[in-house]
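Novice: Would you mind keeping the following structure in view while I ask a few things?
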Amino acid sequence: MNKYLFPDQFLWGAATASYQIEGSPDADGKGESIWDRFSHTPGNVWNGETGDVACDHYRRYEEDVNLMSQIGLNAYRFSISWPRIFPAGGGKANVKGLDFYRRLIEKLQQHKIRPAVTLYHWDLPQALQDRGGWTNRDTAKYFSEYAAYVYEKLDLPVSMWITLNEPWVIAILGHAFGIHAPGVSDFKSAFQVSHNLLLGHGLAVKAFREAKRTGEPIGITLNLAPVEPLTEKQDDLEAASRSDGFMNRWFLDPIFRGSYPADMVEVFSRNFELPKTEKDDDQVIAEPIDFLGINNYTRVIVEASGDKNAFMGTPVNPQEAEYTEMGWEVYPQGLYDLLTRVHRDYGPLPLYVTENGAAFPDELDENGQVNDPRRINYLEKYIHQCWKAVQDGVPLKGYFAWTLMDNFEWAFGYSKRFGLVYIDFEEQRRYLKNSAYWYSKVIGRNGLESDSL
Ligand code: FCB
C-alpha cells in the first residue's frame, strides 16, 4: 500500500456552525438572529424547516464531543452565536451565552481536541439587522466590539480564531440573490455588505492584537473556487478572469494586498455604484493575519456570456463528471490548484482547509449502519490533493471535514446530509457513518494508505 503521510502536528478536524446544529433559540437569554427570522418566514427554507431544534447540540454537546473523541479528531471548528453573547447586537452582554462555549471548550480540552473558533458564521443579531445589518457600517464596529468581548472573557485556550466565515456567501447569497438571510436581492447593497464585512474583519483583527491572547493565531475563512475557462478562446479567458475576480480576488486582494483588484473595480463600476468607503479602510482590511482558512467543495467552469460587463461568465457543468446532492461537481484536483495558486499569489502564510466535504443520499440500515462509499471516495481524493500540495511546498497545516454531523443546511433545511455522523432528527440519535470510521483511521496514521490514488 502506498502511504501519503502528513507533517507532524497536522490538524485533523471537523467543522460546524452554531445555527446549523445548536437549536435552543431562546435558551439562557439568547436574542433572535437573522437566521431565526429568515427560516421562520414562509417560503425561504425547503419544507418550511428551521434551526429551532437542529441537532439539539446546545443541550447534547457532551455527547457530541464524545463522538468527536471516538472519531479521534484533534481539532474541532465551531462558531459562536453572536446573539447568545449580545442578544441585542451590542450593549449589555449575556454572560450565560458565553458560558455555553466555555463548557464546550472545557469538554474539548478533556479530550485533547483543539478548538478553532469562528466568530461569525452568519447568525447576525436581528436587532442589528433592524438597523440595516451589514449594509450599515456601524455593524462592523459592533462586530469588533463583540469580538473584543469574547477575546477578553473567554478565558480558555483557543487554537485558532476565525473572524468571518465566507463573506462572499453572506454578501452575494444573502444580499444579491436573497436566498440566505436576510433575504435581500440588491447587488449594489451586496457590495456595500462585502466591504463592511471586510472592515469588520480588519477591526476584529486589530482588536485581537490589542487583547492579550499571545500565541493564538487569527485569520479569516474564505470560500474560494478555482475558475477555469471552457475553452482557450479570448472571450472565455476573459470571462474566467472576471469570474475569478468576483469570487476570489475581490476578497483576497484587499486582505493581502491592501486594495480591491483594479480590473474588477472597473467592471463593477459599469454595473452599479461602488461601495462607500473611508480613508483608512484599506489599511484596516489589510491588517496582517496569521493564516488563511479556505473552504472548497468544487470548481467553476465558465464560458463567455456575450455581455462584456458581466462579472460572472456562464457556468458550465461537464457531463461526464460526478455530482453531489448539492449539484456540485466532484473535482479533487481543484483543491490542489487552489492551494498552490493561493500560496503562489498571496503567500507565504499558513493555510488551512477549514471546510471540505459532500452531501450524498445516506441511509441508515436496520443494523444502525450507514454505508457511504461515495463520501469516503470524495474525502480520500480531496485529502490526497492536500497531500500533493504539501509535497509541493504549500504550508497547509490542517484539514477540517464539513461536517461533524448532518445538520440544517441553510435554505435546503435538513434535506442535505454532509455529516460524518448520521442524525436521526426525530429521535435525536447519532450514528457514525462508515466515512467516520474511515476518517478515524486516516487521523490515526496521519494520512492516507491506498493503492488506487
Ligand atoms: C459552506 C458553509 C457551511 C455549509 C457548507 C456546505 O458554504 O460555510 O455552513 O453550509 O457550505
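Convention: chains lettered A, B, ... in C-alpha cells order; per-chain residue numbering from 1; ligands numbered from 1 as shown.
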At most 10 Å is the cut-off: for each residue in chain A with any atom that close to an atom of ligand 1, write down the nearest atom pair and the distance in Å rounded to one decimal, counting only C-alpha atoms and all ligand atoms, chain first then increasing number, as a Markdown table.

Specialist:
```
| residue | atom | partner | partner_atom_place_in_ligand_line | distance |
| --- | --- | --- | --- | --- |
| A:Ala15 | CA | ligand 1 | 3 (C) | 8.5 |
| A:Thr16 | CA | ligand 1 | 9 (O) | 6.9 |
| A:Ala17 | CA | ligand 1 | 9 (O) | 6.0 |
| A:Ser18 | CA | ligand 1 | 9 (O) | 9.2 |
| A:Tyr19 | CA | ligand 1 | 9 (O) | 8.9 |
| A:Gln20 | CA | ligand 1 | 9 (O) | 7.3 |
| A:Ser79 | CA | ligand 1 | 9 (O) | 9.9 |
| A:His121 | CA | ligand 1 | 8 (O) | 7.2 |
| A:Trp122 | CA | ligand 1 | 9 (O) | 8.5 |
| A:Leu164 | CA | ligand 1 | 8 (O) | 9.9 |
| A:Asn165 | CA | ligand 1 | 8 (O) | 6.2 |
| A:Glu166 | CA | ligand 1 | 8 (O) | 6.3 |
| A:Pro167 | CA | ligand 1 | 8 (O) | 9.6 |
| A:Trp168 | CA | ligand 1 | 7 (O) | 9.4 |
| A:Val169 | CA | ligand 1 | 7 (O) | 6.9 |
| A:Ile170 | CA | ligand 1 | 7 (O) | 9.4 |
| A:Thr221 | CA | ligand 1 | 8 (O) | 8.9 |
| A:Leu222 | CA | ligand 1 | 8 (O) | 8.9 |
| A:Asn223 | CA | ligand 1 | 7 (O) | 6.8 |
| A:Leu224 | CA | ligand 1 | 7 (O) | 9.9 |
| A:Asn295 | CA | ligand 1 | 1 (C) | 7.1 |
| A:Asn296 | CA | ligand 1 | 1 (C) | 8.3 |
| A:Tyr297 | CA | ligand 1 | 11 (O) | 8.0 |
| A:Met326 | CA | ligand 1 | 6 (C) | 8.5 |
| A:Thr354 | CA | ligand 1 | 8 (O) | 9.0 |
| A:Glu355 | CA | ligand 1 | 8 (O) | 7.2 |
| A:Asn356 | CA | ligand 1 | 5 (C) | 8.0 |
| A:Gly357 | CA | ligand 1 | 6 (C) | 7.5 |
| A:Ala358 | CA | ligand 1 | 6 (C) | 7.5 |
| A:Ala359 | CA | ligand 1 | 6 (C) | 7.9 |
| A:Trp402 | CA | ligand 1 | 5 (C) | 6.7 |
| A:Thr403 | CA | ligand 1 | 4 (C) | 7.9 |
| A:Asn407 | CA | ligand 1 | 10 (O) | 9.0 |
| A:Phe408 | CA | ligand 1 | 10 (O) | 8.1 |
| A:Glu409 | CA | ligand 1 | 10 (O) | 5.3 |
| A:Trp410 | CA | ligand 1 | 10 (O) | 6.4 |
| A:Ala411 | CA | ligand 1 | 10 (O) | 9.2 |
| A:Phe412 | CA | ligand 1 | 10 (O) | 9.2 |
| A:Lys416 | CA | ligand 1 | 6 (C) | 8.8 |
| A:Arg417 | CA | ligand 1 | 6 (C) | 9.3 |
| A:Phe418 | CA | ligand 1 | 6 (C) | 7.2 |
| A:Gly419 | CA | ligand 1 | 6 (C) | 10.0 |
```

Novice: Among stretch 9-232 of chain A, which residues carry a DSSP assignment of alpha helix (DSSP H), reported as an MDAnalysis selection string?

Specialist: chainID A and resid 18:21 34:39 57:71 82:85 95:110 126:129 138:153 167:168 174:175 187:210

Novice: Please identify all polymer residues within 8 Å of stretch 263-279 of chain A, counting only C-alpha atoms, omitting same-chain residues fewer than 4 positions from it, and present them as a tab-separated table (two decimals) with N, CA and C atoms, in the first residue's frame.

Specialist:
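Now in around10.tsv:
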```tsv
chain	number	residue	atom	x	y	z
A	187	PHE	N	-27.87	43.93	-5.79
A	187	PHE	CA	-26.42	43.83	-5.97
A	187	PHE	C	-25.66	45.00	-5.37
A	188	LYS	N	-26.23	46.18	-5.51
A	188	LYS	CA	-25.50	47.35	-5.00
A	188	LYS	C	-25.28	47.19	-3.49
A	189	SER	N	-26.33	46.83	-2.77
A	189	SER	CA	-26.14	46.72	-1.33
A	189	SER	C	-25.23	45.52	-1.01
A	191	PHE	N	-22.55	44.70	-2.45
A	191	PHE	CA	-21.14	45.14	-2.46
A	191	PHE	C	-20.82	46.03	-1.26
A	192	GLN	N	-21.81	46.79	-0.80
A	192	GLN	CA	-21.59	47.55	0.43
A	192	GLN	C	-21.38	46.56	1.58
A	195	HIS	N	-17.94	45.06	1.60
A	195	HIS	CA	-16.95	46.00	2.16
A	195	HIS	C	-17.07	46.08	3.69
A	242	ARG	N	-12.72	37.41	-15.04
A	242	ARG	CA	-13.68	38.24	-14.29
A	242	ARG	C	-14.39	37.42	-13.21
A	245	GLY	N	-12.20	37.10	-10.42
A	245	GLY	CA	-12.15	38.38	-9.71
A	245	GLY	C	-13.33	38.53	-8.77
A	246	PHE	N	-14.49	38.16	-9.26
A	246	PHE	CA	-15.72	38.28	-8.47
A	246	PHE	C	-15.73	37.32	-7.28
A	250	TRP	N	-11.75	39.49	-5.24
A	250	TRP	CA	-12.43	40.63	-4.58
A	250	TRP	C	-12.23	40.58	-3.07
A	309	ASN	N	-19.88	43.36	-19.78
A	309	ASN	CA	-20.00	43.97	-18.45
A	309	ASN	C	-20.27	42.94	-17.37
A	310	ALA	N	-20.60	41.72	-17.79
A	310	ALA	CA	-20.95	40.71	-16.79
A	310	ALA	C	-19.73	40.36	-15.97
A	311	PHE	N	-19.91	40.31	-14.65
A	311	PHE	CA	-18.74	39.96	-13.85
A	311	PHE	C	-18.67	38.46	-13.59
```

Novice: Env of A:Leu119: 10 Å cut, atoms = only C-alpha atoms, seq-sep filter 4 positions within chain, self excluded. Answer as a VMD selection string.

Specialist: chain A and resid 17 to 18 78 to 82 123 143 to 144 146 to 147 150 161 to 165 201 204 220

Novice: Mind listing the strand (DSSP E or B) residues of stretch 148-359 of chain A, per DSSP on the backbone, as number ranges by chain?

Specialist: A: 160-165, 218-223, 227-229, 291-295, 300-303, 314-315, 323, 329, 351-355

Novice: Can you tell me, as an mmCIF file with all heavy atoms, in the first residue's frame, what residues are no more than 8 Å from A:Asp36 when counting only C-alpha atoms, ignoring any on the same chain fewer than 4 positions away?

Specialist:
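selection.cif written:
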```cif
data_model
loop_
_atom_site.group_PDB
_atom_site.id
_atom_site.type_symbol
_atom_site.label_atom_id
_atom_site.label_comp_id
_atom_site.auth_asym_id
_atom_site.auth_seq_id
_atom_site.Cartn_x
_atom_site.Cartn_y
_atom_site.Cartn_z
ATOM 1 N N PRO A 25 -33.158 28.141 20.491
ATOM 2 C CA PRO A 25 -33.047 29.526 20.029
ATOM 3 C C PRO A 25 -33.318 30.596 21.089
ATOM 4 O O PRO A 25 -32.918 31.744 20.902
ATOM 5 C CB PRO A 25 -34.081 29.615 18.903
ATOM 6 C CG PRO A 25 -35.036 28.515 19.155
ATOM 7 C CD PRO A 25 -34.253 27.417 19.818
ATOM 8 N N GLU A 32 -32.754 36.962 19.132
ATOM 9 C CA GLU A 32 -33.123 36.447 17.810
ATOM 10 C C GLU A 32 -32.002 36.740 16.813
ATOM 11 O O GLU A 32 -31.379 37.802 16.856
ATOM 12 C CB GLU A 32 -34.417 37.137 17.353
ATOM 13 C CG GLU A 32 -35.005 36.542 16.079
ATOM 14 C CD GLU A 32 -36.178 37.369 15.517
ATOM 15 O OE1 GLU A 32 -36.389 38.509 15.983
ATOM 16 O OE2 GLU A 32 -36.844 36.880 14.596
ATOM 17 N N HIS A 40 -38.072 31.285 9.725
ATOM 18 C CA HIS A 40 -39.486 31.293 10.136
ATOM 19 C C HIS A 40 -40.369 32.057 9.163
ATOM 20 O O HIS A 40 -41.580 32.130 9.372
ATOM 21 C CB HIS A 40 -39.619 31.854 11.552
ATOM 22 C CG HIS A 40 -39.327 30.826 12.606
ATOM 23 N ND1 HIS A 40 -40.298 30.005 13.135
ATOM 24 C CD2 HIS A 40 -38.156 30.436 13.187
ATOM 25 C CE1 HIS A 40 -39.742 29.175 14.013
ATOM 26 N NE2 HIS A 40 -38.448 29.416 14.058
ATOM 27 N N THR A 50 -36.676 24.834 10.075
ATOM 28 C CA THR A 50 -35.950 25.887 10.799
ATOM 29 C C THR A 50 -34.837 25.249 11.641
ATOM 30 O O THR A 50 -34.785 24.026 11.778
ATOM 31 C CB THR A 50 -36.869 26.645 11.788
ATOM 32 O OG1 THR A 50 -37.143 25.760 12.901
ATOM 33 C CG2 THR A 50 -38.183 27.070 11.143
ATOM 34 N N GLY A 51 -34.017 26.090 12.239
ATOM 35 C CA GLY A 51 -32.953 25.591 13.118
ATOM 36 C C GLY A 51 -33.391 25.530 14.577
ATOM 37 O O GLY A 51 -32.541 25.451 15.462
ATOM 38 N N ASP A 52 -34.700 25.550 14.836
ATOM 39 C CA ASP A 52 -35.171 25.572 16.234
ATOM 40 C C ASP A 52 -34.623 24.420 17.080
ATOM 41 O O ASP A 52 -34.307 24.608 18.249
ATOM 42 C CB ASP A 52 -36.707 25.514 16.286
ATOM 43 C CG ASP A 52 -37.331 26.854 15.925
ATOM 44 O OD1 ASP A 52 -36.578 27.804 15.588
ATOM 45 O OD2 ASP A 52 -38.575 26.957 15.967
#
```

Novice: Calculated over only C-alpha atoms, which of the candidates A:Val95, A:Gly398, A:Gly29, A:Ile105 has the smallest distance to A:Tyr61?

Specialist: A:Ile105

Novice: Using only C-alpha atoms, which protein or nucleic acid residues come within 8 Å of stretch 421-436 of chain A? Drop anything in the same chain fewer than 6 positions from it, and give the result as an MDAnalysis selection string.

Specialist: chainID A and resid 54:56 71 364 368:373 375:376 404:407

Novice: Dump C-alpha atoms for the selected residues as a PDB file, in the first residue's frame?

Specialist:
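Wrote again_30.pdb, looks like this:
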```pdb
ATOM      1  CA  ALA A  54     -31.379  21.207  14.590  1.00  0.00           C
ATOM      2  CA  CYS A  55     -29.031  18.665  16.261  1.00  0.00           C
ATOM      3  CA  ASP A  56     -30.030  19.893  19.712  1.00  0.00           C
ATOM      4  CA  ILE A  71     -13.529   9.513  15.689  1.00  0.00           C
ATOM      5  CA  LEU A 364     -29.447   4.247   7.940  1.00  0.00           C
ATOM      6  CA  GLY A 368     -27.692   1.082  12.573  1.00  0.00           C
ATOM      7  CA  GLN A 369     -25.020   1.400   9.893  1.00  0.00           C
ATOM      8  CA  VAL A 370     -24.585   3.990   7.198  1.00  0.00           C
ATOM      9  CA  ASN A 371     -22.610   2.810   4.219  1.00  0.00           C
ATOM     10  CA  ASP A 372     -21.384   5.943   2.415  1.00  0.00           C
ATOM     11  CA  PRO A 373     -18.627   4.877  -0.013  1.00  0.00           C
ATOM     12  CA  ARG A 375     -18.233  10.239   0.734  1.00  0.00           C
ATOM     13  CA  ILE A 376     -15.178   8.135   1.578  1.00  0.00           C
ATOM     14  CA  LEU A 404     -19.236  16.579  12.012  1.00  0.00           C
ATOM     15  CA  MET A 405     -22.903  15.597  11.779  1.00  0.00           C
ATOM     16  CA  ASP A 406     -25.864  16.010   9.445  1.00  0.00           C
ATOM     17  CA  ASN A 407     -27.433  19.391  10.158  1.00  0.00           C
TER      18      ASN A 407
END
```

Novice: Mind checking which residues fall within 7 Å of A:Arg84, counting only C-alpha atoms, ignoring those fewer than 4 positions away in the same chain, and posting them as a list in words?

Specialist: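 Final neighbour list, sorted by chain and number: Gly29, Lys30, Gly31, Asn94 and Gly97 of chain A.
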
Novice: Filtering to all heavy atoms, could you give me those residues as an mmCIF file, in the first residue's frame?

Specialist:
```cif
data_model
loop_
_atom_site.group_PDB
_atom_site.id
_atom_site.type_symbol
_atom_site.label_atom_id
_atom_site.label_comp_id
_atom_site.auth_asym_id
_atom_site.auth_seq_id
_atom_site.Cartn_x
_atom_site.Cartn_y
_atom_site.Cartn_z
ATOM 1 N N GLY A 29 -31.295 33.342 27.572
ATOM 2 C CA GLY A 29 -31.244 34.763 27.201
ATOM 3 C C GLY A 29 -30.773 35.061 25.793
ATOM 4 O O GLY A 29 -30.510 36.220 25.447
ATOM 5 N N LYS A 30 -30.690 34.046 24.933
ATOM 6 C CA LYS A 30 -30.250 34.313 23.551
ATOM 7 C C LYS A 30 -31.237 35.242 22.847
ATOM 8 O O LYS A 30 -32.443 35.137 23.008
ATOM 9 C CB LYS A 30 -30.134 32.992 22.773
ATOM 10 C CG LYS A 30 -29.802 33.210 21.293
ATOM 11 C CD LYS A 30 -29.679 31.909 20.519
ATOM 12 C CE LYS A 30 -29.649 32.145 19.023
ATOM 13 N NZ LYS A 30 -30.906 32.661 18.476
ATOM 14 N N GLY A 31 -30.696 36.131 22.028
ATOM 15 C CA GLY A 31 -31.533 37.011 21.207
ATOM 16 C C GLY A 31 -31.828 36.370 19.856
ATOM 17 O O GLY A 31 -31.209 35.369 19.476
ATOM 18 N N ASN A 94 -24.586 38.986 27.586
ATOM 19 C CA ASN A 94 -25.310 37.912 28.277
ATOM 20 C C ASN A 94 -24.292 36.851 28.698
ATOM 21 O O ASN A 94 -23.854 36.030 27.890
ATOM 22 C CB ASN A 94 -26.345 37.344 27.297
ATOM 23 C CG ASN A 94 -27.045 36.126 27.840
ATOM 24 O OD1 ASN A 94 -27.330 36.041 29.039
ATOM 25 N ND2 ASN A 94 -27.329 35.174 26.975
ATOM 26 N N GLY A 97 -24.631 33.140 27.839
ATOM 27 C CA GLY A 97 -24.374 32.717 26.468
ATOM 28 C C GLY A 97 -22.936 32.278 26.300
ATOM 29 O O GLY A 97 -22.642 31.226 25.727
#
```
